[in-house]
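Colleague: Coordinates in final.cif, mmCIF, C-alpha atoms, are listed below.
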data_final
#
loop_
_atom_site.label_atom_id
_atom_site.label_comp_id
_atom_site.auth_asym_id
_atom_site.auth_seq_id
_atom_site.Cartn_x
_atom_site.Cartn_y
_atom_site.Cartn_z
CA MET Q 1 5.37 -18.04 46.45
CA HIS Q 2 5.48 -19.27 50.01
CA ARG Q 3 9.24 -19.93 50.04
CA ILE Q 4 10.22 -16.30 49.46
CA LEU Q 5 11.28 -14.43 52.58
CA GLY Q 6 10.84 -10.71 53.08
CA GLN Q 7 10.16 -9.43 49.54
CA PRO Q 8 6.53 -8.21 49.72
CA LYS Q 9 6.80 -5.61 46.95
CA ALA Q 10 8.43 -7.92 44.40
CA ILE Q 11 6.06 -10.78 45.24
CA ALA Q 12 3.05 -8.46 44.98
CA THR Q 13 4.19 -7.35 41.52
CA LEU Q 14 4.58 -10.92 40.30
CA THR Q 15 1.39 -12.17 41.95
CA ALA Q 16 -0.65 -9.39 40.34
CA GLY Q 17 0.60 -10.46 36.92
CA LEU Q 18 -0.14 -14.12 37.58
CA ARG Q 19 -3.66 -13.46 38.81
CA SER Q 20 -4.46 -11.20 35.89
CA GLY Q 21 -3.37 -13.90 33.47
CA ARG Q 22 -1.04 -11.42 31.78
CA VAL Q 23 2.46 -12.20 33.06
CA HIS Q 24 4.98 -10.16 31.08
CA HIS Q 25 7.38 -12.24 29.01
CA ALA Q 26 10.62 -10.47 30.07
CA TRP Q 27 11.74 -9.51 33.57
CA ILE Q 28 14.68 -7.99 35.38
CA PHE Q 29 15.03 -9.19 38.97
CA ALA Q 30 17.40 -6.62 40.49
CA GLY Q 31 18.72 -6.27 44.01
CA PRO Q 32 21.60 -7.15 46.32
CA ARG Q 33 23.24 -10.52 46.18
CA GLY Q 34 21.65 -13.25 48.27
CA VAL Q 35 18.22 -11.74 48.97
CA GLY Q 36 16.10 -14.26 47.06
CA LYS Q 37 16.16 -13.28 43.37
CA PHE Q 38 17.13 -16.69 42.03
CA THR Q 39 14.84 -18.55 44.46
CA THR Q 40 11.95 -16.34 43.29
CA ALA Q 41 12.83 -16.99 39.64
CA LEU Q 42 12.60 -20.75 40.21
CA GLU Q 43 9.34 -20.34 42.13
CA LEU Q 44 7.87 -18.28 39.28
CA ALA Q 45 9.13 -20.83 36.75
CA GLY Q 46 7.35 -23.56 38.70
CA ILE Q 47 4.07 -21.70 38.35
CA LEU Q 48 4.54 -20.81 34.68
CA LEU Q 49 5.56 -24.34 33.67
CA ASP Q 50 2.87 -26.19 35.60
CA PRO Q 51 -0.51 -26.61 33.88
CA ALA Q 52 -2.14 -26.01 37.29
CA GLY Q 53 -0.45 -22.61 37.64
CA GLU Q 54 -0.68 -21.14 41.13
CA ASN Q 55 -2.75 -24.15 42.18
CA ARG Q 56 0.12 -26.53 41.43
CA ASP Q 57 1.14 -29.26 43.84
CA PRO Q 58 4.43 -28.12 45.48
CA ARG Q 59 5.37 -31.81 45.64
CA GLY Q 60 4.19 -32.59 42.10
CA GLU Q 61 6.13 -33.52 38.98
CA THR Q 62 6.89 -29.96 37.83
CA ALA Q 63 8.18 -28.93 41.25
CA SER Q 64 10.27 -32.09 41.49
CA LEU Q 65 11.84 -31.56 38.07
CA ILE Q 66 12.71 -27.95 38.90
CA GLU Q 67 14.08 -28.91 42.32
CA THR Q 68 16.44 -31.45 40.76
CA GLY Q 69 17.40 -29.16 37.86
CA THR Q 70 16.04 -31.59 35.26
CA HIS Q 71 12.97 -29.77 33.89
CA PRO Q 72 13.51 -29.76 30.09
CA ASP Q 73 11.75 -26.42 29.62
CA LEU Q 74 13.61 -24.52 32.34
CA HIS Q 75 16.91 -23.16 31.01
CA VAL Q 76 19.31 -21.62 33.52
CA ILE Q 77 22.08 -19.71 31.77
CA ARG Q 78 25.34 -19.05 33.63
CA LYS Q 79 28.86 -18.19 32.56
CA GLU Q 80 29.97 -21.75 33.39
CA LEU Q 81 27.99 -23.09 30.41
CA ALA Q 82 30.93 -22.00 28.25
CA LEU Q 83 32.76 -25.10 29.54
CA TYR Q 84 30.25 -27.31 27.71
CA SER Q 85 30.16 -25.35 24.45
CA GLY Q 86 30.54 -27.08 21.13
CA ASP Q 87 33.00 -24.29 20.24
CA ALA Q 88 36.56 -24.91 21.45
CA ALA Q 89 37.26 -21.17 21.63
CA LEU Q 90 34.39 -20.73 24.08
CA ARG Q 91 35.55 -23.68 26.19
CA ALA Q 92 39.00 -22.14 26.46
CA ARG Q 93 37.79 -18.75 27.72
CA LYS Q 94 38.21 -17.56 31.28
CA LEU Q 95 34.81 -17.64 32.98
CA LEU Q 96 34.57 -13.93 33.71
CA ASN Q 97 31.53 -13.07 31.58
CA ILE Q 98 28.63 -14.58 29.65
CA PRO Q 99 29.83 -14.55 26.02
CA ILE Q 100 27.42 -14.14 23.15
CA GLY Q 101 28.20 -17.69 22.04
CA VAL Q 102 26.64 -19.04 25.24
CA LEU Q 103 23.51 -16.95 24.63
CA ARG Q 104 23.32 -18.25 21.07
CA GLU Q 105 23.69 -21.88 22.12
CA HIS Q 106 21.21 -21.72 25.00
CA MET Q 107 18.65 -19.10 23.98
CA ILE Q 108 18.80 -16.88 20.91
CA GLY Q 109 20.50 -19.07 18.27
CA GLY Q 110 22.91 -18.03 15.53
CA ASP Q 111 26.45 -18.73 14.42
CA VAL Q 112 28.82 -20.18 17.03
CA GLY Q 113 32.30 -21.09 15.85
CA GLY Q 114 31.12 -21.51 12.24
CA LYS Q 115 28.14 -23.70 13.19
CA PHE Q 116 24.55 -22.47 13.04
CA ILE Q 117 22.56 -23.11 16.23
CA GLU Q 118 18.77 -23.21 16.13
CA ALA Q 119 17.38 -20.87 18.80
CA PRO Q 120 16.21 -22.83 21.87
CA ALA Q 121 13.84 -19.94 22.67
CA TYR Q 122 11.90 -20.66 19.47
CA LYS Q 123 11.68 -24.43 19.81
CA THR Q 124 8.48 -26.19 20.91
CA PRO Q 125 8.36 -26.82 24.67
CA VAL Q 126 9.29 -30.41 25.49
CA LEU Q 127 6.44 -30.81 27.97
CA GLY Q 128 4.14 -28.58 25.98
CA HIS Q 129 3.26 -25.90 28.53
CA GLY Q 130 5.91 -23.19 28.08
CA LYS Q 131 9.59 -22.32 28.43
CA VAL Q 132 11.46 -20.24 31.01
CA PHE Q 133 14.99 -18.87 30.55
CA VAL Q 134 16.76 -17.60 33.68
CA VAL Q 135 20.00 -15.70 33.10
CA ASP Q 136 22.00 -15.53 36.33
CA GLU Q 137 24.45 -12.63 36.76
CA ALA Q 138 22.97 -11.00 33.66
CA GLU Q 139 25.27 -8.00 34.13
CA LEU Q 140 28.07 -10.27 32.84
CA ILE Q 141 26.59 -10.21 29.33
CA ASP Q 142 28.72 -7.78 27.31
CA GLN Q 143 27.24 -5.02 25.15
CA THR Q 144 27.32 -7.15 21.99
CA GLY Q 145 25.45 -9.93 23.72
CA GLN Q 146 22.90 -7.57 25.22
CA ASN Q 147 22.20 -6.04 21.82
CA ALA Q 148 21.79 -9.53 20.31
CA LEU Q 149 19.29 -10.35 23.06
CA LEU Q 150 16.98 -7.41 22.32
CA LYS Q 151 14.79 -9.00 19.62
CA THR Q 152 14.11 -12.09 21.75
CA LEU Q 153 13.32 -9.91 24.77
CA GLU Q 154 10.87 -7.90 22.71
CA GLU Q 155 9.12 -10.65 20.77
CA PRO Q 156 9.62 -14.13 22.19
CA PRO Q 157 7.30 -16.96 21.13
CA PRO Q 158 4.06 -17.44 23.10
CA ARG Q 159 4.47 -18.79 26.65
CA THR Q 160 8.21 -18.12 26.60
CA TYR Q 161 9.54 -16.15 29.57
CA ILE Q 162 12.94 -14.62 30.20
CA ILE Q 163 14.21 -13.56 33.63
CA LEU Q 164 17.44 -11.57 33.93
CA ILE Q 165 18.89 -11.72 37.45
CA THR Q 166 21.36 -9.04 38.46
CA ASN Q 167 22.79 -7.21 41.43
CA ARG Q 168 24.23 -4.54 39.10
CA PRO Q 169 21.29 -3.42 36.93
CA GLN Q 170 23.20 -0.30 35.88
CA ARG Q 171 25.38 -2.54 33.70
CA LEU Q 172 22.41 -3.55 31.58
CA LEU Q 173 21.72 -1.37 28.54
CA PRO Q 174 18.79 1.07 28.63
CA THR Q 175 17.36 -0.81 25.65
CA VAL Q 176 17.35 -4.01 27.73
CA HIS Q 177 15.65 -2.24 30.63
CA SER Q 178 12.99 -0.79 28.34
CA ARG Q 179 11.94 -4.23 27.10
CA CYS Q 180 11.54 -5.75 30.57
CA GLN Q 181 9.26 -5.47 33.55
CA HIS Q 182 11.14 -4.90 36.78
CA ALA Q 183 10.88 -6.58 40.16
CA ALA Q 184 12.97 -4.84 42.81
CA PHE Q 185 14.46 -6.99 45.57
CA VAL Q 186 15.66 -5.35 48.77
CA PRO Q 187 17.68 -6.30 51.86
CA LEU Q 188 15.70 -8.05 54.57
CA ASP Q 189 14.88 -6.03 57.66
CA ASP Q 190 16.35 -6.90 61.08
CA GLU Q 191 13.26 -8.77 62.25
CA THR Q 192 13.11 -10.96 59.15
CA MET Q 193 16.86 -11.64 59.33
CA ALA Q 194 16.48 -12.67 62.97
CA ARG Q 195 13.77 -15.14 61.93
CA TRP Q 196 16.00 -16.42 59.17
CA PHE Q 197 18.91 -16.99 61.57
CA GLU Q 198 16.64 -19.08 63.80
CA THR Q 199 16.15 -21.65 61.04
CA ALA Q 200 19.40 -21.29 59.07
CA GLY Q 201 21.39 -23.73 61.20
CA LEU Q 202 24.63 -21.77 60.94
CA GLU Q 203 27.39 -22.99 63.25
CA VAL Q 204 28.37 -19.61 64.70
CA ASP Q 205 28.61 -18.19 68.21
CA GLY Q 206 26.92 -15.03 69.42
CA GLU Q 207 29.82 -12.74 68.53
CA GLN Q 208 30.07 -14.18 65.02
CA GLN Q 209 26.32 -13.91 64.45
CA ALA Q 210 26.29 -10.28 65.55
CA TRP Q 211 29.18 -9.49 63.20
CA ILE Q 212 27.64 -11.44 60.29
CA THR Q 213 24.30 -9.67 60.81
CA SER Q 214 26.05 -6.32 60.53
CA TYR Q 215 28.21 -7.39 57.58
CA CYS Q 216 25.59 -9.09 55.43
CA GLY Q 217 23.30 -6.05 55.26
CA GLY Q 218 20.03 -7.99 55.17
CA SER Q 219 21.21 -10.70 52.76
CA PRO Q 220 20.74 -14.32 53.87
CA GLY Q 221 22.93 -15.46 50.99
CA MET Q 222 25.78 -13.25 52.14
CA ALA Q 223 25.27 -14.40 55.73
CA GLN Q 224 25.66 -18.01 54.61
CA LEU Q 225 28.82 -17.17 52.68
CA ALA Q 226 30.27 -15.25 55.61
CA ALA Q 227 29.67 -18.16 57.97
CA ARG Q 228 30.84 -20.80 55.49
CA TYR Q 229 34.10 -19.11 54.56
CA GLY Q 230 35.01 -17.43 57.83
CA PHE Q 231 34.66 -13.77 56.92
CA HIS Q 232 34.55 -12.89 60.62
CA GLY Q 233 38.03 -14.38 60.81
CA TRP Q 234 39.10 -12.05 58.00
CA GLN Q 235 37.94 -9.12 60.08
CA LYS Q 236 39.83 -10.36 63.14
CA THR Q 237 42.99 -10.81 61.06
CA LEU Q 238 42.78 -7.31 59.60
CA ASP Q 239 41.67 -5.50 62.77
CA PRO Q 240 45.24 -4.74 64.04
CA MET Q 241 46.20 -3.37 60.63
CA LEU Q 242 43.04 -1.29 60.42
CA GLU Q 243 43.82 0.12 63.86
CA SER Q 244 47.29 1.06 62.58
CA LEU Q 245 45.70 2.84 59.65
CA GLN Q 246 43.38 4.65 62.02
CA ARG Q 247 46.41 5.97 63.87
CA GLY Q 248 47.90 7.21 60.61
CA ARG Q 249 50.48 4.42 60.30
CA PHE Q 250 51.10 2.39 57.15
CA PRO Q 251 50.78 -1.41 57.73
CA ALA Q 252 53.14 -2.66 55.04
CA GLN Q 253 51.85 -6.24 55.20
CA MET Q 254 48.15 -5.40 54.82
CA GLY Q 255 47.93 -5.62 51.02
CA GLU Q 256 49.70 -8.97 50.98
CA THR Q 257 47.53 -10.26 53.84
CA MET Q 258 44.32 -9.32 52.02
CA ALA Q 259 45.58 -11.00 48.84
CA ALA Q 260 46.30 -14.19 50.82
CA LEU Q 261 42.79 -14.21 52.33
CA ILE Q 262 41.26 -13.82 48.87
CA GLU Q 263 43.47 -16.57 47.46
CA ALA Q 264 42.47 -18.98 50.24
CA PHE Q 265 38.81 -18.21 49.59
CA ALA Q 266 39.18 -18.80 45.84
CA VAL Q 267 40.96 -22.14 46.37
CA ALA Q 268 38.23 -23.30 48.76
CA TRP Q 269 35.46 -22.12 46.43
CA VAL Q 270 36.88 -23.94 43.40
CA LYS Q 271 37.38 -27.09 45.45
CA GLU Q 272 33.72 -27.08 46.58
CA HIS Q 273 32.06 -26.08 43.29
CA ASP Q 274 32.27 -28.14 40.13
CA ASN Q 275 33.46 -26.20 37.07
CA ALA Q 276 34.08 -23.04 39.12
CA SER Q 277 36.51 -20.50 37.70
CA LYS Q 278 39.49 -19.59 39.88
CA ASP Q 279 39.67 -16.15 38.25
CA ALA Q 280 35.99 -15.49 38.94
CA ALA Q 281 36.37 -16.78 42.51
CA ASN Q 282 39.30 -14.41 43.07
CA LYS Q 283 37.17 -11.50 41.89
CA ASP Q 284 34.28 -12.54 44.10
CA GLY Q 285 36.59 -12.93 47.10
CA ALA Q 286 37.98 -9.46 46.47
CA ARG Q 287 34.47 -8.00 46.29
CA PHE Q 288 33.54 -9.66 49.57
CA LEU Q 289 36.65 -8.30 51.27
CA LEU Q 290 36.16 -4.82 49.87
CA SER Q 291 32.54 -4.85 51.01
CA MET Q 292 33.80 -5.77 54.48
CA LEU Q 293 36.19 -2.80 54.45
CA ALA Q 294 33.41 -0.50 53.25
CA ALA Q 295 31.15 -1.72 56.07
CA TYR Q 296 33.96 -1.12 58.57
CA ALA Q 297 34.42 2.45 57.32
CA ARG Q 298 30.68 3.12 57.37
CA ASP Q 299 30.47 1.88 60.97
CA LYS Q 300 33.31 4.21 61.98
CA LEU Q 301 31.62 7.10 60.23
CA ALA Q 302 28.34 6.30 61.99
CA ASP Q 303 30.20 6.23 65.33
CA ALA Q 304 31.64 9.68 64.61
CA VAL Q 305 28.20 11.05 63.74
CA ARG Q 306 26.67 9.62 66.93
CA GLU Q 307 29.48 11.10 69.02
CA ASP Q 308 29.24 14.42 67.16
CA SER Q 309 32.97 14.27 66.41
CA GLU Q 310 35.04 14.81 63.26
CA PRO Q 311 34.57 12.03 60.65
CA ALA Q 312 38.37 11.52 60.57
CA GLY Q 313 38.56 10.86 56.83
CA TRP Q 314 36.01 8.03 56.76
CA PRO Q 315 33.97 9.47 53.84
CA ALA Q 316 37.19 9.57 51.81
CA VAL Q 317 37.98 5.97 52.78
CA ILE Q 318 34.54 4.83 51.61
CA ASP Q 319 35.24 6.53 48.28
CA LEU Q 320 38.64 4.79 48.08
CA VAL Q 321 37.03 1.38 48.56
CA GLY Q 322 34.48 2.23 45.85
CA ALA Q 323 37.32 3.21 43.49
CA ALA Q 324 39.07 -0.10 44.24
CA GLU Q 325 35.89 -1.95 43.25
CA GLN Q 326 35.82 -0.06 39.95
CA GLN Q 327 39.48 -0.92 39.31
CA LEU Q 328 38.72 -4.56 39.99
CA HIS Q 329 35.87 -4.45 37.46
CA ALA Q 330 38.30 -2.92 34.93
CA ASN Q 331 40.61 -5.95 35.43
CA VAL Q 332 43.44 -4.05 37.09
CA ASN Q 333 45.85 -6.46 38.80
CA LEU Q 334 44.34 -7.49 42.15
CA LYS Q 335 47.50 -7.08 44.22
CA LEU Q 336 48.10 -3.62 42.75
CA VAL Q 337 44.52 -2.64 43.60
CA LEU Q 338 44.94 -3.77 47.21
CA GLU Q 339 48.37 -2.19 47.71
CA ASN Q 340 47.16 1.08 46.22
CA LEU Q 341 44.07 1.04 48.45
CA VAL Q 342 46.15 0.61 51.61
CA ALA Q 343 48.63 3.32 50.57
CA GLN Q 344 45.90 5.86 49.82
CA TRP Q 345 43.99 4.91 52.97
CA ALA Q 346 47.11 5.50 55.05
CA GLN Q 347 47.63 8.88 53.40
CA THR Q 348 44.00 9.86 54.04
CA THR Q 349 44.01 8.91 57.71
CA SER Q 350 47.45 10.39 58.37
CA VAL Q 351 46.15 13.74 57.14
CA ALA Q 352 43.01 13.37 59.27
CA VAL Q 353 45.04 12.45 62.34
#
I'd like the structure from this file rewritten - as structure tokens, please.
Modeller:
Amino acid sequence: MHRILGQPKAIATLTAGLRSGRVHHAWIFAGPRGVGKFTTALELAGILLDPAGENRDPRGETASLIETGTHPDLHVIRKELALYSGDAALRARKLLNIPIGVLREHMIGGDVGGKFIEAPAYKTPVLGHGKVFVVDEAELIDQTGQNALLKTLEEPPPRTYIILITNRPQRLLPTVHSRCQHAAFVPLDDETMARWFETAGLEVDGEQQAWITSYCGGSPGMAQLAARYGFHGWQKTLDPMLESLQRGRFPAQMGETMAALIEAFAVAWVKEHDNASKDAANKDGARFLLSMLAAYARDKLADAVREDSEPAGWPAVIDLVGAAEQQLHANVNLKLVLENLVAQWAQTTSVAV
């Protein structure tokens, strides 16, 4: 697993299973976004699907098929697969979760729109060596879908492996957790991130790199997103309004400005990604912006601790941002969430001031 950067504990767990010849059939890869979970899943799939195992040729046929996304026994399941469903109702859905119909069509089988689907998990491998199913953003499977997945997680056919990738493992049912082995992925440390920046080829200046390093929290994936979509520019745009909040003043335009930044991100994302959902991109953009605000508040709180001064309401602000994230998950209107956040933030800091 030479391509994986900075995940010694997770790699040690997986390597021990490979070398013992007893790799568990169901895994949860959990950890922050952008720290290598999906890359590791593909690397593991390459070993499991190659007759040579760990001794495989990294330039061989199996590796090439996986690299190009054409290996017939590697099944990557994402919410976007609903667009290609044989069921019109699934095709018409907003791409905000992984519906049970997608799981039935691409893994567990069953009735989809009145048509019975034979379970891909129980079919004979095309190339004869095994099958790997990787479910990206597994937390988007609803409770019904997770319950339907349990039997396959517990008793898949021989040489069939399932990897659930998630940055919100708490949204997976305890019964799902109990049927899986766990590999924990963590943020990269500063030294490893510095090495990553040296080879990443990001077109950023020193100020931007310093800000991105602080913002991304040890996630190369988030660093790439921040550079690609100008998150440092978001911070610069919001800085005057955040300073107003810090002085206990209400910046009336802040909610609208944040909504416009998120909208611009979503439009760019959909333009650059085939079959991307605008609704999902809006939610992602909002999460990125809220994480930026949380990082800002944590930095201010850390400054107060270092200076041995009053925290000036920053713990309460961090809680407000967390509440906004929960509201977003509950599908509360985005603009209302943002406006409410700014109003409560202003009230909190005005009391502190």
Colleague: Here is a test: counting all atoms listed in the file, which residue of Q:Ala252, Q:Leu338, Q:Ala295, Q:Ala89 is nearest to Ala323 of chain Q?
Modeller: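 Nearest to Ala323 of chain Q: Q:Leu338.
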Colleague: Quick one: distance from atom CA of Gly285 of chain Q to atom CA of Ala30 of chain Q in Å, one decimal?
Modeller: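 Value for the atom CA of Gly285 of chain Q-atom CA of Ala30 of chain Q distance: 21.3 Å.
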Colleague: Residues near His177 of chain Q, anyone? I mean within 9 Å using all atoms listed in the file, not counting same-chain ones fewer than 6 positions away, as an MDAnalysis selection string.
Modeller: chainID Q and resid 27:28 169
Colleague: Closest to Ala259 of chain Q among Q:Leu188, Q:Ile318, Q:Met222, Q:Val342, using only C-alpha atoms?
Modeller: Q:Val342
Colleague: Any idea what's packed within 10 Å of Leu103 of chain Q, counting all atoms listed in the file, ignoring anything in its chain fewer than 6 positions away? Could you give it as JSON, numbers by chain?
Modeller: {"Q": [77, 78, 79, 81, 82, 109, 110, 112, 119, 120, 135, 141, 145, 146, 148, 149]}
Colleague: Store the residues of this selection in a file with C-alpha atoms, as a CSV table (one decimal), in the frame of the given file.
Modeller:
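The result, written out as part10.csv:
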chain,number,residue,atom,x,y,z
Q,77,ILE,CA,22.1,-19.7,31.8
Q,78,ARG,CA,25.3,-19.0,33.6
Q,79,LYS,CA,28.9,-18.2,32.6
Q,81,LEU,CA,28.0,-23.1,30.4
Q,82,ALA,CA,30.9,-22.0,28.2
Q,109,GLY,CA,20.5,-19.1,18.3
Q,110,GLY,CA,22.9,-18.0,15.5
Q,112,VAL,CA,28.8,-20.2,17.0
Q,119,ALA,CA,17.4,-20.9,18.8
Q,120,PRO,CA,16.2,-22.8,21.9
Q,135,VAL,CA,20.0,-15.7,33.1
Q,141,ILE,CA,26.6,-10.2,29.3
Q,145,GLY,CA,25.4,-9.9,23.7
Q,146,GLN,CA,22.9,-7.6,25.2
Q,148,ALA,CA,21.8,-9.5,20.3
Q,149,LEU,CA,19.3,-10.4,23.1
Colleague: Please list, as a ChimeraX atom specification, the residues that have an atom at most 12 Å away from (20.5, -6.4, 38.4) in the coordinates of this file, counting all atoms listed in the file.
Modeller: /Q:27-33,37-38,135-141,163-173,176-177,180,182-186
Colleague: Atom CA of Leu42 of chain Q and atom CA of Leu153 of chain Q, how far apart in Å?
Modeller: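 We find that atom CA of Leu153 of chain Q and atom CA of Leu42 of chain Q lie 18.9 Å from each other.
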Colleague: Residues within 12 Å of Val270 of chain Q, please, as an MDAnalysis selection string. Count only C-alpha atoms; anything in the same chain fewer than 3 positions from it doesn't count.
Modeller: chainID Q and resid 263:267 273:282 284:285
Colleague: When distances are computed from only C-alpha atoms, which of Q:His75, Q:Thr175, Q:Pro187, Q:Tyr229 shows the smallest separation from Ala10 of chain Q?
Modeller: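 Selected residue with least distance to Ala10 of chain Q: Q:Pro187.
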Colleague: So how far away is atom CA of Phe288 of chain Q from atom CA of Arg247 of chain Q, in Å?
Modeller: 24.8 Å
Colleague: Fewer than 2 positions away in the same chain doesn't count, so skip those; otherwise give me all residues within 12 Å of Ser219 of chain Q, counting all atoms listed in the file, as a PyMOL selection string.
Modeller: chain Q and resi 5-7+31-37+167+185-190+192-194+196-197+212-217+221-226
Colleague: Compile the contact shell of Leu18 of chain Q as an MDAnalysis selection string: residues with an atom at most 12 Å away, counting all atoms listed in the file, same-chain residues fewer than 4 positions apart removed.
Modeller: chainID Q and resid 1 11:14 22:25 44:45 47:48 53:55
Colleague: Please work out which residues fall within 12 Å of (12.2, -28.9, 35.9), coordinates as given in the file, with only C-alpha atoms counting, and return them as a PyMOL selection string.
Modeller: chain Q and resi 42-50+60-76+126-127+129-133
Colleague: List, as a PDB file with C-alpha atoms, in the frame of the given file, every residue that the PyMOL selection byres ((chain Q and resi 115) around 12) selects in the file provided.
Modeller:
ATOM      1  CA  SER Q  85      30.160 -25.350  24.450  1.00  0.00           C
ATOM      2  CA  GLY Q  86      30.540 -27.080  21.130  1.00  0.00           C
ATOM      3  CA  ASP Q  87      33.000 -24.290  20.240  1.00  0.00           C
ATOM      4  CA  ALA Q  88      36.560 -24.910  21.450  1.00  0.00           C
ATOM      5  CA  GLY Q 101      28.200 -17.690  22.040  1.00  0.00           C
ATOM      6  CA  ARG Q 104      23.320 -18.250  21.070  1.00  0.00           C
ATOM      7  CA  GLU Q 105      23.690 -21.880  22.120  1.00  0.00           C
ATOM      8  CA  GLY Q 109      20.500 -19.070  18.270  1.00  0.00           C
ATOM      9  CA  GLY Q 110      22.910 -18.030  15.530  1.00  0.00           C
ATOM     10  CA  ASP Q 111      26.450 -18.730  14.420  1.00  0.00           C
ATOM     11  CA  VAL Q 112      28.820 -20.180  17.030  1.00  0.00           C
ATOM     12  CA  GLY Q 113      32.300 -21.090  15.850  1.00  0.00           C
ATOM     13  CA  GLY Q 114      31.120 -21.510  12.240  1.00  0.00           C
ATOM     14  CA  PHE Q 116      24.550 -22.470  13.040  1.00  0.00           C
ATOM     15  CA  ILE Q 117      22.560 -23.110  16.230  1.00  0.00           C
ATOM     16  CA  GLU Q 118      18.770 -23.210  16.130  1.00  0.00           C
TER      17      GLU Q 118
END
Colleague: Which residue is closest to Tyr296 of chain Q? Choose from Q:Pro174, Q:Pro220, Q:Pro251, Q:Pro315 and count all atoms listed in the file.
Modeller: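 Nearest to Tyr296 of chain Q: Q:Pro315.
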Colleague: Would you mind telling me which residue in Q:Ile98, Q:Ala227, Q:Leu328, Q:Leu341 lies nearest to Ala200 of chain Q when using all atoms listed in the file?
Modeller: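 Distance minimum relative to Ala200 of chain Q lands on Q:Ala227.
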Colleague: Can you list what the PyMOL selection byres ((chain Q and resi 233) around 12) grabs from this structure, as an NGL selection string?
Modeller: :Q and (204 or 207-208 or 211-212 or 226-232 or 234-239 or 258 or 261 or 265 or 289 or 292)
Colleague: Taking all atoms of segment 127-135 of chain Q that the file lists and extending 4 Å past them on each side, where is the centre of the axis-aligned box and how long are its edges? Answer in Å to one decimal, as lines of an AutoDock Vina configuration file.
Modeller:
center_x = 11.6
center_y = -23.3
center_z = 29.8
size_x = 24.7
size_y = 23.1
size_z = 15.7
Colleague: From the structure block, carefully write segment 47-62 of chain Q out with N, CA and C atoms; format it as a tab-separated table (two decimals), in the first residue's frame.
Modeller:
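To be explicit, this is the file written out as result.tsv:
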chain	number	residue	atom	x	y	z
Q	47	ILE	N	-5.27	-5.48	-4.42
Q	47	ILE	CA	-4.62	-6.67	-3.84
Q	47	ILE	C	-5.59	-7.86	-3.82
Q	48	LEU	N	-6.83	-7.60	-3.40
Q	48	LEU	CA	-7.80	-8.68	-3.26
Q	48	LEU	C	-8.23	-9.26	-4.60
Q	49	LEU	N	-8.20	-8.45	-5.65
Q	49	LEU	CA	-8.68	-8.90	-6.96
Q	49	LEU	C	-7.58	-9.43	-7.86
Q	50	ASP	N	-6.34	-9.31	-7.41
Q	50	ASP	CA	-5.21	-9.78	-8.23
Q	50	ASP	C	-4.77	-11.15	-7.73
Q	51	PRO	N	-4.68	-12.13	-8.61
Q	51	PRO	CA	-4.23	-13.47	-8.17
Q	51	PRO	C	-2.88	-13.45	-7.46
Q	52	ALA	N	-2.04	-12.43	-7.76
Q	52	ALA	CA	-0.72	-12.35	-7.12
Q	52	ALA	C	-0.77	-11.70	-5.76
Q	53	GLY	N	-1.94	-11.19	-5.34
Q	53	GLY	CA	-2.08	-10.57	-4.03
Q	53	GLY	C	-1.13	-9.40	-3.83
Q	54	GLU	N	-0.47	-9.39	-2.66
Q	54	GLU	CA	0.45	-8.29	-2.35
Q	54	GLU	C	1.65	-8.25	-3.30
Q	55	ASN	N	1.91	-9.34	-3.97
Q	55	ASN	CA	3.03	-9.39	-4.91
Q	55	ASN	C	2.63	-8.97	-6.32
Q	56	ARG	N	1.48	-8.36	-6.46
Q	56	ARG	CA	0.98	-7.96	-7.77
Q	56	ARG	C	1.89	-6.93	-8.43
Q	57	ASP	N	1.79	-6.85	-9.73
Q	57	ASP	CA	2.51	-5.84	-10.49
Q	57	ASP	C	1.69	-4.55	-10.46
Q	58	PRO	N	2.20	-3.46	-9.88
Q	58	PRO	CA	1.42	-2.21	-9.82
Q	58	PRO	C	1.14	-1.62	-11.19
Q	59	ARG	N	1.78	-2.18	-12.23
Q	59	ARG	CA	1.50	-1.73	-13.60
Q	59	ARG	C	0.79	-2.83	-14.41
Q	60	GLY	N	0.36	-3.88	-13.71
Q	60	GLY	CA	-0.25	-5.02	-14.38
Q	60	GLY	C	-1.70	-4.79	-14.76
Q	61	GLU	N	-2.33	-5.84	-15.25
Q	61	GLU	CA	-3.70	-5.74	-15.79
Q	61	GLU	C	-4.70	-5.33	-14.72
Q	62	THR	N	-4.64	-5.97	-13.54
Q	62	THR	CA	-5.59	-5.64	-12.48
Q	62	THR	C	-5.47	-4.18	-12.08
